[in-house]
file work_38.cif (mmCIF, C-alpha atoms)
data_work
#
loop_
_atom_site.group_PDB
_atom_site.id
_atom_site.type_symbol
_atom_site.label_atom_id
_atom_site.label_comp_id
_atom_site.auth_asym_id
_atom_site.auth_seq_id
_atom_site.Cartn_x
_atom_site.Cartn_y
_atom_site.Cartn_z
ATOM 1 C CA MET G 1 129.763 78.055 91.857
ATOM 2 C CA GLN G 2 132.270 80.577 93.196
ATOM 3 C CA ALA G 3 131.493 83.043 95.967
ATOM 4 C CA LEU G 4 133.410 85.466 98.149
ATOM 5 C CA VAL G 5 132.760 84.195 101.669
ATOM 6 C CA TYR G 6 133.296 86.025 104.966
ATOM 7 C CA THR G 7 134.806 83.117 106.915
ATOM 8 C CA ALA G 8 136.298 84.711 110.044
ATOM 9 C CA PRO G 9 137.118 88.148 111.511
ATOM 10 C CA ARG G 10 139.199 90.114 108.976
ATOM 11 C CA CYS G 11 139.098 87.190 106.548
ATOM 12 C CA VAL G 12 137.251 86.656 103.264
ATOM 13 C CA GLU G 13 137.936 83.775 100.869
ATOM 14 C CA LEU G 14 136.914 82.880 97.339
ATOM 15 C CA LEU G 15 135.346 79.433 97.704
ATOM 16 C CA ASP G 16 133.286 76.897 95.813
ATOM 17 C CA VAL G 17 129.801 76.835 97.347
ATOM 18 C CA PRO G 18 126.529 75.114 96.393
ATOM 19 C CA VAL G 19 124.346 76.733 93.754
ATOM 20 C CA PRO G 20 121.416 78.434 95.568
ATOM 21 C CA ALA G 21 118.059 76.656 95.550
ATOM 22 C CA PRO G 22 115.238 79.233 95.486
ATOM 23 C CA ALA G 23 112.455 78.763 98.026
ATOM 24 C CA PRO G 24 108.807 79.379 97.111
ATOM 25 C CA GLY G 25 108.384 83.031 96.182
ATOM 26 C CA GLU G 26 112.062 83.385 95.284
ATOM 27 C CA VAL G 27 113.992 83.563 92.026
ATOM 28 C CA THR G 28 117.627 82.808 91.181
ATOM 29 C CA LEU G 29 119.693 85.597 89.648
ATOM 30 C CA ASP G 30 122.899 85.477 87.683
ATOM 31 C CA VAL G 31 124.803 88.255 89.448
ATOM 32 C CA LEU G 32 125.951 90.933 87.006
ATOM 33 C CA ALA G 33 127.402 93.420 89.493
ATOM 34 C CA ALA G 34 127.702 93.744 93.272
ATOM 35 C CA GLY G 35 129.122 96.759 95.064
ATOM 36 C CA ILE G 36 131.374 96.522 98.111
ATOM 37 C CA CYS G 37 129.837 98.647 100.875
ATOM 38 C CA GLY G 38 131.775 100.338 103.649
ATOM 39 C CA SER G 39 129.493 98.626 106.164
ATOM 40 C CA GLU G 40 130.753 95.265 104.901
ATOM 41 C CA LEU G 41 134.351 96.334 105.353
ATOM 42 C CA GLU G 42 133.551 97.534 108.880
ATOM 43 C CA GLY G 43 131.632 94.344 109.626
ATOM 44 C CA VAL G 44 134.596 92.179 108.680
ATOM 45 C CA ARG G 45 137.126 94.488 110.358
ATOM 46 C CA ARG G 46 135.116 94.817 113.599
ATOM 47 C CA PRO G 47 132.773 91.799 113.805
ATOM 48 C CA ASP G 48 129.319 92.398 115.234
ATOM 49 C CA ALA G 49 126.005 90.589 115.552
ATOM 50 C CA MET G 50 124.789 91.796 112.156
ATOM 51 C CA ARG G 51 126.982 89.444 110.114
ATOM 52 C CA THR G 52 127.831 85.921 111.227
ATOM 53 C CA PRO G 53 130.445 83.934 109.289
ATOM 54 C CA PRO G 54 130.406 81.947 107.124
ATOM 55 C CA LEU G 55 128.445 84.430 105.030
ATOM 56 C CA VAL G 56 128.254 85.466 101.394
ATOM 57 C CA MET G 57 127.806 89.239 101.702
ATOM 58 C CA GLY G 58 126.735 91.665 98.984
ATOM 59 C CA HIS G 59 123.555 93.735 99.391
ATOM 60 C CA GLU G 60 124.184 96.191 96.517
ATOM 61 C CA LEU G 61 123.454 94.066 93.465
ATOM 62 C CA VAL G 62 122.080 93.814 89.973
ATOM 63 C CA GLY G 63 121.299 90.473 88.397
ATOM 64 C CA ARG G 64 119.604 88.698 85.530
ATOM 65 C CA ARG G 65 116.586 86.570 86.413
ATOM 66 C CA MET G 66 117.180 82.989 85.326
ATOM 67 C CA ASP G 67 113.460 82.406 84.782
ATOM 68 C CA SER G 68 112.833 85.345 82.458
ATOM 69 C CA GLY G 69 116.175 86.928 81.517
ATOM 70 C CA GLU G 70 115.010 90.276 82.926
ATOM 71 C CA VAL G 71 117.736 92.457 84.439
ATOM 72 C CA VAL G 72 116.807 93.749 87.896
ATOM 73 C CA ALA G 73 118.185 95.773 90.776
ATOM 74 C CA VAL G 74 117.630 94.114 94.154
ATOM 75 C CA ASN G 75 116.113 95.936 97.100
ATOM 76 C CA PRO G 76 117.824 93.827 99.786
ATOM 77 C CA LEU G 77 115.545 94.784 102.677
ATOM 78 C CA ILE G 78 112.942 92.135 103.560
ATOM 79 C CA ALA G 79 110.294 93.283 106.065
ATOM 80 C CA CYS G 80 107.827 91.037 107.875
ATOM 81 C CA ARG G 81 104.863 93.275 106.894
ATOM 82 C CA ALA G 82 103.133 92.213 110.119
ATOM 83 C CA CYS G 83 104.722 94.052 113.076
ATOM 84 C CA ASP G 84 103.618 97.397 114.480
ATOM 85 C CA LEU G 85 106.426 99.269 112.730
ATOM 86 C CA CYS G 86 105.553 97.790 109.345
ATOM 87 C CA ALA G 87 101.937 98.765 109.997
ATOM 88 C CA ARG G 88 103.126 102.356 110.520
ATOM 89 C CA GLY G 89 104.859 102.272 107.134
ATOM 90 C CA THR G 90 108.388 102.187 108.577
ATOM 91 C CA THR G 91 109.328 98.874 106.998
ATOM 92 C CA ASN G 92 113.026 99.783 107.199
ATOM 93 C CA LEU G 93 112.710 99.540 110.998
ATOM 94 C CA CYS G 94 110.816 96.236 110.970
ATOM 95 C CA ARG G 95 111.449 94.278 114.150
ATOM 96 C CA ARG G 96 112.050 91.109 112.129
ATOM 97 C CA ARG G 97 113.732 92.633 109.102
ATOM 98 C CA GLU G 98 116.309 90.730 107.084
ATOM 99 C CA LEU G 99 118.810 91.957 104.546
ATOM 100 C CA VAL G 100 120.093 90.046 101.566
ATOM 101 C CA GLY G 101 123.843 89.731 102.092
ATOM 102 C CA VAL G 102 123.557 90.239 105.870
ATOM 103 C CA HIS G 103 121.110 87.718 107.273
ATOM 104 C CA ARG G 104 121.074 85.504 104.181
ATOM 105 C CA PRO G 105 123.462 84.917 101.242
ATOM 106 C CA GLY G 106 124.027 87.914 99.026
ATOM 107 C CA GLY G 107 125.506 88.981 95.731
ATOM 108 C CA PHE G 108 129.227 88.296 96.165
ATOM 109 C CA ALA G 109 128.709 85.157 94.109
ATOM 110 C CA GLU G 110 127.965 83.933 90.625
ATOM 111 C CA GLN G 111 124.312 83.377 91.558
ATOM 112 C CA VAL G 112 121.965 84.382 94.370
ATOM 113 C CA ALA G 113 118.393 83.488 95.351
ATOM 114 C CA VAL G 114 116.214 86.425 96.406
ATOM 115 C CA PRO G 115 112.494 87.017 96.969
ATOM 116 C CA VAL G 116 110.718 87.978 93.747
ATOM 117 C CA ALA G 117 109.302 90.964 95.669
ATOM 118 C CA CYS G 118 112.847 92.351 96.044
ATOM 119 C CA CYS G 119 113.433 92.540 92.283
ATOM 120 C CA ARG G 120 113.045 95.910 90.568
ATOM 121 C CA PRO G 121 113.257 95.953 86.739
ATOM 122 C CA LEU G 122 115.697 98.538 85.417
ATOM 123 C CA PRO G 123 114.183 101.611 83.771
ATOM 124 C CA THR G 124 114.620 101.716 80.009
ATOM 125 C CA GLY G 125 118.158 102.746 79.099
ATOM 126 C CA LEU G 126 119.671 102.329 82.572
ATOM 127 C CA ASP G 127 122.910 100.376 82.328
ATOM 128 C CA VAL G 128 124.191 97.908 84.910
ATOM 129 C CA MET G 129 127.020 100.067 86.281
ATOM 130 C CA ARG G 130 124.623 102.881 87.107
ATOM 131 C CA ALA G 131 121.940 100.518 88.371
ATOM 132 C CA VAL G 132 124.307 98.912 90.892
ATOM 133 C CA LEU G 133 124.567 102.324 92.594
ATOM 134 C CA THR G 134 120.829 102.310 93.370
ATOM 135 C CA GLU G 135 121.121 100.893 96.897
ATOM 136 C CA PRO G 136 123.534 103.542 98.254
ATOM 137 C CA ILE G 137 121.557 106.256 96.454
ATOM 138 C CA ALA G 138 118.405 104.943 98.183
ATOM 139 C CA ASN G 139 120.118 105.450 101.550
ATOM 140 C CA ALA G 140 120.788 109.056 100.564
ATOM 141 C CA VAL G 141 117.216 109.607 99.359
ATOM 142 C CA HIS G 142 115.880 108.390 102.691
ATOM 143 C CA ALA G 143 118.366 110.506 104.664
ATOM 144 C CA LEU G 144 117.480 113.720 102.796
ATOM 145 C CA ARG G 145 113.768 113.020 103.118
ATOM 146 C CA ARG G 146 114.170 112.631 106.881
ATOM 147 C CA ALA G 147 115.999 115.948 107.021
ATOM 148 C CA GLU G 148 113.288 117.667 104.981
ATOM 149 C CA ARG G 149 110.565 116.376 107.294
ATOM 150 C CA HIS G 150 112.402 117.834 110.288
ATOM 151 C CA LEU G 151 112.978 121.179 108.541
ATOM 152 C CA GLY G 152 109.482 121.432 107.132
ATOM 153 C CA GLU G 153 110.842 122.525 103.756
ATOM 154 C CA PRO G 154 113.499 121.469 101.236
ATOM 155 C CA PRO G 155 117.021 122.412 102.388
ATOM 156 C CA ARG G 156 118.707 125.254 100.581
ATOM 157 C CA SER G 157 122.223 124.433 101.789
ATOM 158 C CA VAL G 158 123.529 120.902 102.381
ATOM 159 C CA GLY G 159 126.938 119.948 103.715
ATOM 160 C CA VAL G 160 128.223 116.410 103.298
ATOM 161 C CA ILE G 161 131.105 114.941 105.283
ATOM 162 C CA GLY G 162 132.799 112.080 103.482
ATOM 163 C CA ALA G 163 133.259 111.634 99.716
ATOM 164 C CA GLY G 164 132.917 107.875 99.657
ATOM 165 C CA MET G 165 129.935 106.283 97.937
ATOM 166 C CA LEU G 166 127.369 107.379 100.545
ATOM 167 C CA GLY G 167 128.716 110.928 100.516
ATOM 168 C CA ILE G 168 128.737 111.095 96.707
ATOM 169 C CA ALA G 169 125.196 109.705 96.672
ATOM 170 C CA SER G 170 124.040 112.246 99.273
ATOM 171 C CA ALA G 171 125.557 115.098 97.280
ATOM 172 C CA LEU G 172 123.904 113.792 94.104
ATOM 173 C CA VAL G 173 120.455 113.607 95.727
ATOM 174 C CA ALA G 174 120.790 117.016 97.413
ATOM 175 C CA ALA G 175 121.995 118.731 94.241
ATOM 176 C CA HIS G 176 119.225 117.108 92.207
ATOM 177 C CA GLY G 177 116.762 118.535 94.733
ATOM 178 C CA GLY G 178 118.053 122.057 94.100
ATOM 179 C CA ALA G 179 120.246 122.584 97.171
ATOM 180 C CA GLU G 180 123.626 124.261 97.182
ATOM 181 C CA VAL G 181 126.008 121.459 98.167
ATOM 182 C CA ALA G 182 129.446 121.360 99.765
ATOM 183 C CA ILE G 183 131.293 118.095 100.395
ATOM 184 C CA ALA G 184 134.343 117.566 102.621
ATOM 185 C CA ASP G 185 136.892 114.771 102.704
ATOM 186 C CA LEU G 186 140.587 114.343 103.484
ATOM 187 C CA SER G 187 141.185 112.558 100.167
ATOM 188 C CA ALA G 188 141.993 114.907 97.292
ATOM 189 C CA GLU G 189 141.219 112.120 94.820
ATOM 190 C CA ARG G 190 137.719 111.547 96.186
ATOM 191 C CA LEU G 191 137.036 115.274 96.313
ATOM 192 C CA ALA G 192 138.059 115.487 92.657
ATOM 193 C CA VAL G 193 135.404 112.873 91.810
ATOM 194 C CA ALA G 194 132.732 114.929 93.584
ATOM 195 C CA ARG G 195 133.861 118.166 91.965
ATOM 196 C CA ASP G 196 134.269 116.794 88.436
ATOM 197 C CA THR G 197 131.135 114.642 88.277
ATOM 198 C CA LEU G 198 128.692 116.663 90.391
ATOM 199 C CA GLY G 199 130.052 120.209 90.176
ATOM 200 C CA VAL G 200 129.682 120.759 93.930
ATOM 201 C CA HIS G 201 131.939 122.779 96.216
ATOM 202 C CA THR G 202 134.686 120.665 97.801
ATOM 203 C CA ALA G 203 137.034 121.198 100.752
ATOM 204 C CA ARG G 204 138.994 119.264 103.346
ATOM 205 C CA GLU G 205 136.614 120.562 106.022
ATOM 206 C CA LEU G 206 133.155 122.102 105.896
ATOM 207 C CA ASP G 207 132.852 125.781 106.721
ATOM 208 C CA GLY G 208 129.957 128.159 107.207
ATOM 209 C CA GLU G 209 126.465 127.076 108.240
ATOM 210 C CA HIS G 210 124.122 124.658 106.510
ATOM 211 C CA ASP G 211 120.458 123.754 106.765
ATOM 212 C CA VAL G 212 121.429 120.083 106.662
ATOM 213 C CA VAL G 213 124.704 118.272 107.242
ATOM 214 C CA ILE G 214 125.013 114.608 106.304
ATOM 215 C CA ASP G 215 127.694 112.638 108.128
ATOM 216 C CA ALA G 216 128.602 109.851 105.717
ATOM 217 C CA VAL G 217 131.644 108.742 107.741
ATOM 218 C CA GLY G 218 130.412 107.972 111.241
ATOM 219 C CA ALA G 219 133.405 108.859 113.414
ATOM 220 C CA ALA G 220 133.213 110.931 116.599
ATOM 221 C CA ALA G 221 135.081 113.807 114.948
ATOM 222 C CA THR G 222 132.875 113.877 111.850
ATOM 223 C CA ARG G 223 129.707 113.686 113.939
ATOM 224 C CA ALA G 224 130.902 116.624 116.012
ATOM 225 C CA SER G 225 131.601 118.601 112.845
ATOM 226 C CA ALA G 226 128.213 117.637 111.399
ATOM 227 C CA VAL G 227 126.505 119.272 114.382
ATOM 228 C CA ALA G 228 128.863 122.255 114.634
ATOM 229 C CA ARG G 229 128.277 123.265 110.989
ATOM 230 C CA LEU G 230 124.497 123.473 111.326
ATOM 231 C CA ARG G 231 122.647 126.736 111.350
ATOM 232 C CA PRO G 232 120.347 127.232 114.351
ATOM 233 C CA GLY G 233 117.384 124.944 113.810
ATOM 234 C CA GLY G 234 119.319 122.853 111.290
ATOM 235 C CA VAL G 235 119.331 119.079 110.947
ATOM 236 C CA SER G 236 122.264 116.691 110.999
ATOM 237 C CA VAL G 237 121.593 113.231 109.589
ATOM 238 C CA TRP G 238 124.004 110.461 110.531
ATOM 239 C CA ILE G 239 124.384 107.756 107.950
ATOM 240 C CA GLY G 240 127.997 106.600 108.487
ATOM 241 C CA LEU G 241 128.816 103.592 110.683
ATOM 242 C CA HIS G 242 132.547 103.839 111.350
ATOM 243 C CA GLU G 243 132.346 103.842 115.168
ATOM 244 C CA PRO G 244 129.736 104.162 117.952
ATOM 245 C CA ASP G 245 130.989 107.335 119.693
ATOM 246 C CA ALA G 246 128.954 110.526 119.223
ATOM 247 C CA GLY G 247 131.430 113.246 120.212
ATOM 248 C CA PHE G 248 129.208 116.303 119.702
ATOM 249 C CA ASP G 249 128.401 119.345 121.843
ATOM 250 C CA SER G 250 125.013 118.574 123.425
ATOM 251 C CA LEU G 251 124.682 122.072 124.917
ATOM 252 C CA ALA G 252 124.832 123.692 121.481
ATOM 253 C CA LEU G 253 122.223 121.175 120.367
ATOM 254 C CA VAL G 254 119.857 122.397 123.075
ATOM 255 C CA ARG G 255 120.535 126.140 122.848
ATOM 256 C CA GLN G 256 120.233 126.342 119.055
ATOM 257 C CA GLU G 257 117.447 123.776 118.614
ATOM 258 C CA ARG G 258 119.575 121.689 116.310
ATOM 259 C CA VAL G 259 118.337 118.217 115.430
ATOM 260 C CA VAL G 260 120.371 115.024 115.111
ATOM 261 C CA SER G 261 118.670 112.218 113.246
ATOM 262 C CA GLY G 262 119.807 108.686 112.615
ATOM 263 C CA THR G 263 118.870 107.058 109.333
ATOM 264 C CA PHE G 264 118.775 103.403 108.352
ATOM 265 C CA ALA G 265 118.252 102.008 104.878
ATOM 266 C CA TYR G 266 115.149 103.158 102.995
ATOM 267 C CA LEU G 267 111.508 102.573 102.187
ATOM 268 C CA ASN G 268 110.253 101.042 98.943
ATOM 269 C CA GLU G 269 109.432 104.485 97.588
ATOM 270 C CA ASP G 270 112.988 105.673 98.378
ATOM 271 C CA PHE G 271 114.426 102.731 96.450
ATOM 272 C CA ALA G 272 112.123 103.447 93.498
ATOM 273 C CA ALA G 273 113.235 107.098 93.462
ATOM 274 C CA ALA G 274 116.880 106.044 93.667
ATOM 275 C CA LEU G 275 116.481 103.702 90.701
ATOM 276 C CA GLU G 276 115.394 106.696 88.629
ATOM 277 C CA LEU G 277 118.113 108.962 90.057
ATOM 278 C CA ALA G 278 120.793 106.375 89.230
ATOM 279 C CA ALA G 279 120.547 107.519 85.607
ATOM 280 C CA HIS G 280 122.128 110.819 86.724
ATOM 281 C CA ALA G 281 125.166 109.125 88.291
ATOM 282 C CA ASP G 282 128.496 109.145 86.472
ATOM 283 C CA PRO G 283 130.022 105.647 86.852
ATOM 284 C CA SER G 284 133.363 106.613 85.292
ATOM 285 C CA TRP G 285 134.943 106.552 88.771
ATOM 286 C CA VAL G 286 133.563 103.114 89.690
ATOM 287 C CA GLU G 287 136.300 100.494 89.963
ATOM 288 C CA GLN G 288 135.268 97.184 88.370
ATOM 289 C CA ILE G 289 136.916 93.897 89.349
ATOM 290 C CA PRO G 290 136.069 90.307 88.417
ATOM 291 C CA LEU G 291 134.773 88.021 91.133
ATOM 292 C CA ALA G 292 137.967 85.987 90.711
ATOM 293 C CA ASP G 293 140.013 88.929 92.067
ATOM 294 C CA SER G 294 137.572 89.879 94.826
ATOM 295 C CA ALA G 295 139.325 88.295 97.823
ATOM 296 C CA ALA G 296 142.580 90.131 97.159
ATOM 297 C CA ARG G 297 140.863 93.453 96.501
ATOM 298 C CA PHE G 298 138.615 93.157 99.562
ATOM 299 C CA GLY G 299 141.735 92.553 101.662
ATOM 300 C CA GLU G 300 143.366 95.679 100.241
ATOM 301 C CA LEU G 301 140.280 97.735 101.063
ATOM 302 C CA LEU G 302 140.341 96.383 104.619
ATOM 303 C CA ARG G 303 143.866 97.736 105.030
ATOM 304 C CA ALA G 304 143.204 101.104 103.377
ATOM 305 C CA PRO G 305 140.070 102.558 101.747
ATOM 306 C CA GLY G 306 142.036 104.118 98.906
ATOM 307 C CA SER G 307 140.892 106.899 96.616
ATOM 308 C CA VAL G 308 138.093 105.117 94.713
ATOM 309 C CA PRO G 309 134.612 105.819 96.127
ATOM 310 C CA LYS G 310 133.119 102.514 94.945
ATOM 311 C CA THR G 311 134.451 99.088 93.981
ATOM 312 C CA VAL G 312 132.089 96.763 92.140
ATOM 313 C CA MET G 313 132.696 93.079 91.493
ATOM 314 C CA THR G 314 131.301 91.419 88.404
ATOM 315 C CA ALA G 315 130.512 87.744 87.858
ATOM 316 C CA ALA G 316 128.368 87.107 84.784
ATOM 317 C CA ALA G 317 128.584 89.132 81.581
ATOM 318 C CA PRO G 318 125.550 91.423 81.155
ATOM 319 C CA PRO G 319 123.210 90.768 78.242
ATOM 320 C CA ALA G 320 123.882 92.904 75.186
ATOM 321 C CA ASP G 321 120.844 95.136 75.699
ATOM 322 C CA ALA G 322 121.816 95.921 79.315
ATOM 323 C CA ARG G 323 125.482 96.359 78.406
ATOM 324 C CA ASP G 324 124.828 98.734 75.522
ATOM 325 C CA ALA G 325 122.017 100.776 77.072
#
call {"tool": "encode", "arguments": {"input": "work_38.cif", "output": "structure tokens"}}
result
Amino acid sequence: MQALVYTAPRCVELLDVPVPAPAPGEVTLDVLAAGICGSELEGVRRPDAMRTPPLVMGHELVGRRMDSGEVVAVNPLIACRACDLCARGTTNLCRRRELVGVHRPGGFAEQVAVPVACCRPLPTGLDVMRAVLTEPIANAVHALRRAERHLGEPPRSVGVIGAGMLGIASALVAAHGGAEVAIADLSAERLAVARDTLGVHTARELDGEHDVVIDAVGAAATRASAVARLRPGGVSVWIGLHEPDAGFDSLALVRQERVVSGTFAYLNEDFAAALELAAHADPSWVEQIPLADSAARFGELLRAPGSVPKTVMTAAAPPADARDA
């Protein structure tokens, strides 16, 4: 079968690879759609210990079970269920966690083998192009829930920095929760997507004060802005992974009791909520490419992110009921 393989720093190639053989407790999926995540672009651009080539990436995926024909979204996070952190319910922080597409082959292929426990059937009427957005939406659900726990109440005003997929997802979740949302980005095209599909306020930079600010970029400058635009006692949640530098004013953090929280992935209940929220996403701005064109497009995205918030590669044709839902 064909797969897009991360073979070396800054290099991905479309190769013929063996068809996956599912282990006990696993099932093989025909991949219907797999989203390209910014973390994958960063991982190939700036190699780290998370992803070791050769690797078939792809942790945002929807597939059709070969054993039953059921169309499922894949929760790519595999926890050990035995460590102290799993026992506390924080399975996303499991000391022995694995991710499909990071520690084991993922969805940038015609087929993938995943644990049956990772498969989530699509709700009735949810089409594949909305369902493939579930994983990034789950990140946003988890991030907003962390912020709400720190605040002690739902946020009334949420600022989002970055109008890529994570930023769009964060704005979607916040708006669905009843908050007034503003989203900032340097790309006029991406801001237009947020404005036209979500109806939120858009600007090149955030202004005013917010209960919560989500940094969906992860650069020193955006992290500094995410803290600076908080009201006293507000919460900044960092979800972007562009670079390691913090860059914020720690004195203002102390004097105004602001909170900075990291966030990683999601819990099972976050993923379940995201699968329902995916029905409210507008996939008209999602760029679809065939797996055959994936190496060239991934290379273009490495050089420049462009104006499209999400690129999704497709391998198999969806069944008629999933396609027409």
call {"tool": "residues_around", "arguments": {"input": "work_38.cif", "residues": "segment 9-14 of chain G", "least_positions_apart": "5", "cutoff": "9 Å", "atoms": "only C-alpha atoms", "output": "NGL selection string"}}
result
:G and (2-4 or 41 or 43-47 or 53 or 291-296 or 298-299 or 302)
call {"tool": "atom_distance", "arguments": {"input": "work_38.cif", "atom1": "atom CA of Leu133 of chain G", "atom2": "atom CA of Gly106 of chain G"}}
result
15.8 Å
call {"tool": "closest_residue", "arguments": {"input": "work_38.cif", "among": "G:Leu186, G:Leu61, G:His210, G:Leu301", "to": "Thr222 of chain G", "atoms": "all atoms listed in the file"}}
result
G:Leu186
call {"tool": "resolve_selection", "arguments": {"input": "work_38.cif", "expression": "the PyMOL selection byres ((chain G and resi 155) around 12)", "output": "VMD selection string"}}
result
chain G and resid 144 to 154 156 to 159 173 to 181 210 to 214 230 to 231 233 to 236
call {"tool": "atom_distance", "arguments": {"input": "work_38.cif", "atom1": "atom CA of Val132 of chain G", "atom2": "atom CA of Val160 of chain G"}}
result
21.8 Å
call {"tool": "residues_around", "arguments": {"input": "work_38.cif", "residues": "segment 197-206 of chain G", "least_positions_apart": "4", "cutoff": "9 Å", "atoms": "only C-alpha atoms", "output": "number ranges by chain"}}
result
G: 159-161, 168, 171-172, 175, 180-188, 191-193, 225-226, 229, 281-282, 284-285
call {"tool": "atom_distance", "arguments": {"input": "work_38.cif", "atom1": "atom CA of Asp215 of chain G", "atom2": "atom CA of Ser170 of chain G"}}
result
9.6 Å
call {"tool": "closest_residue", "arguments": {"input": "work_38.cif", "among": "G:Glu287, G:Glu300, G:Asp127, G:Glu209", "to": "Arg258 of chain G", "atoms": "all atoms listed in the file"}}
result
G:Glu209
call {"tool": "resolve_selection", "arguments": {"input": "work_38.cif", "expression": "the PyMOL selection byres ((chain G and resi 74-91) around 7)", "output": "ChimeraX atom specification"}}
result
/G:59,61-62,72-73,92-100,118-120,267
call {"tool": "write_last_selection", "arguments": {"input": "work_38.cif", "atoms": "C-alpha atoms", "output": "PDB file, in the coordinates of the input"}}
result
ATOM      1  CA  HIS G  59     123.555  93.735  99.391  1.00  0.00           C
ATOM      2  CA  LEU G  61     123.454  94.066  93.465  1.00  0.00           C
ATOM      3  CA  VAL G  62     122.080  93.814  89.973  1.00  0.00           C
ATOM      4  CA  VAL G  72     116.807  93.749  87.896  1.00  0.00           C
ATOM      5  CA  ALA G  73     118.185  95.773  90.776  1.00  0.00           C
ATOM      6  CA  ASN G  92     113.026  99.783 107.199  1.00  0.00           C
ATOM      7  CA  LEU G  93     112.710  99.540 110.998  1.00  0.00           C
ATOM      8  CA  CYS G  94     110.816  96.236 110.970  1.00  0.00           C
ATOM      9  CA  ARG G  95     111.449  94.278 114.150  1.00  0.00           C
ATOM     10  CA  ARG G  96     112.050  91.109 112.129  1.00  0.00           C
ATOM     11  CA  ARG G  97     113.732  92.633 109.102  1.00  0.00           C
ATOM     12  CA  GLU G  98     116.309  90.730 107.084  1.00  0.00           C
ATOM     13  CA  LEU G  99     118.810  91.957 104.546  1.00  0.00           C
ATOM     14  CA  VAL G 100     120.093  90.046 101.566  1.00  0.00           C
ATOM     15  CA  CYS G 118     112.847  92.351  96.044  1.00  0.00           C
ATOM     16  CA  CYS G 119     113.433  92.540  92.283  1.00  0.00           C
ATOM     17  CA  ARG G 120     113.045  95.910  90.568  1.00  0.00           C
ATOM     18  CA  LEU G 267     111.508 102.573 102.187  1.00  0.00           C
TER      19      LEU G 267
END
call {"tool": "residues_around", "arguments": {"input": "work_38.cif", "residues": "Ala220 of chain G", "least_positions_apart": "6", "cutoff": "9 Å", "atoms": "all atoms listed in the file", "output": "list in words"}}
result
His242, Glu243, Pro244, Asp245, Ala246, Gly247 and Phe248 of chain G
call {"tool": "resolve_selection", "arguments": {"input": "work_38.cif", "expression": "the PyMOL selection byres ((chain G and resi 311) around 8)", "output": "PyMOL selection string"}}
result
chain G and resi 35-36+286-289+308-310+312-313
call {"tool": "residues_around", "arguments": {"input": "work_38.cif", "residues": "Ala169 of chain G", "least_positions_apart": "4", "cutoff": "8 Å", "atoms": "only C-alpha atoms", "output": "count of residues only"}}
result
5
call {"tool": "closest_residue", "arguments": {"input": "work_38.cif", "among": "G:Glu276, G:Glu110, G:Asp270, G:Asp249", "to": "Ala33 of chain G", "atoms": "all atoms listed in the file"}}
result
G:Glu110
call {"tool": "axis_aligned_box", "arguments": {"input": "work_38.cif", "around": "segment 120-124 of chain G", "padding_each_side": "5 Å", "output": "lines of an AutoDock Vina configuration file"}}
result
center_x = 114.4
center_y = 98.8
center_z = 85.3
size_x = 12.7
size_y = 15.8
size_z = 20.6
call {"tool": "decode", "arguments": {"input": "work_38.cif", "residues": "segment 5-16 of chain G", "atoms": "N, CA and C atoms", "output": "compact mmCIF listing (two decimals), in the first residue's frame"}}
result
# COMPACT_ATOMS: atom_id res chain seq x y z
N VAL G 5 5.59 8.88 4.27
CA VAL G 5 6.53 8.50 5.31
C VAL G 5 7.49 9.64 5.61
N TYR G 6 7.60 9.98 6.89
CA TYR G 6 8.63 10.91 7.37
C TYR G 6 9.93 10.12 7.40
N THR G 7 10.85 10.43 6.48
CA THR G 7 12.06 9.62 6.32
C THR G 7 13.32 10.27 6.87
N ALA G 8 13.33 11.59 7.00
CA ALA G 8 14.51 12.30 7.48
C ALA G 8 14.09 13.73 7.80
N PRO G 9 14.90 14.49 8.57
CA PRO G 9 14.56 15.87 8.86
C PRO G 9 14.19 16.64 7.59
N ARG G 10 13.03 17.30 7.64
CA ARG G 10 12.50 18.12 6.55
C ARG G 10 12.19 17.30 5.29
N CYS G 11 11.98 16.02 5.44
CA CYS G 11 11.74 15.18 4.27
C CYS G 11 10.62 14.18 4.52
N VAL G 12 9.61 14.19 3.66
CA VAL G 12 8.57 13.17 3.65
C VAL G 12 8.49 12.62 2.23
N GLU G 13 8.18 11.32 2.11
CA GLU G 13 8.14 10.67 0.81
C GLU G 13 6.93 9.74 0.73
N LEU G 14 6.33 9.68 -0.45
CA LEU G 14 5.25 8.74 -0.69
C LEU G 14 5.89 7.42 -1.11
N LEU G 15 5.71 6.39 -0.28
CA LEU G 15 6.39 5.12 -0.49
C LEU G 15 5.41 3.96 -0.46
N ASP G 16 5.84 2.84 -1.02
CA ASP G 16 5.12 1.58 -0.86
C ASP G 16 5.59 0.93 0.44
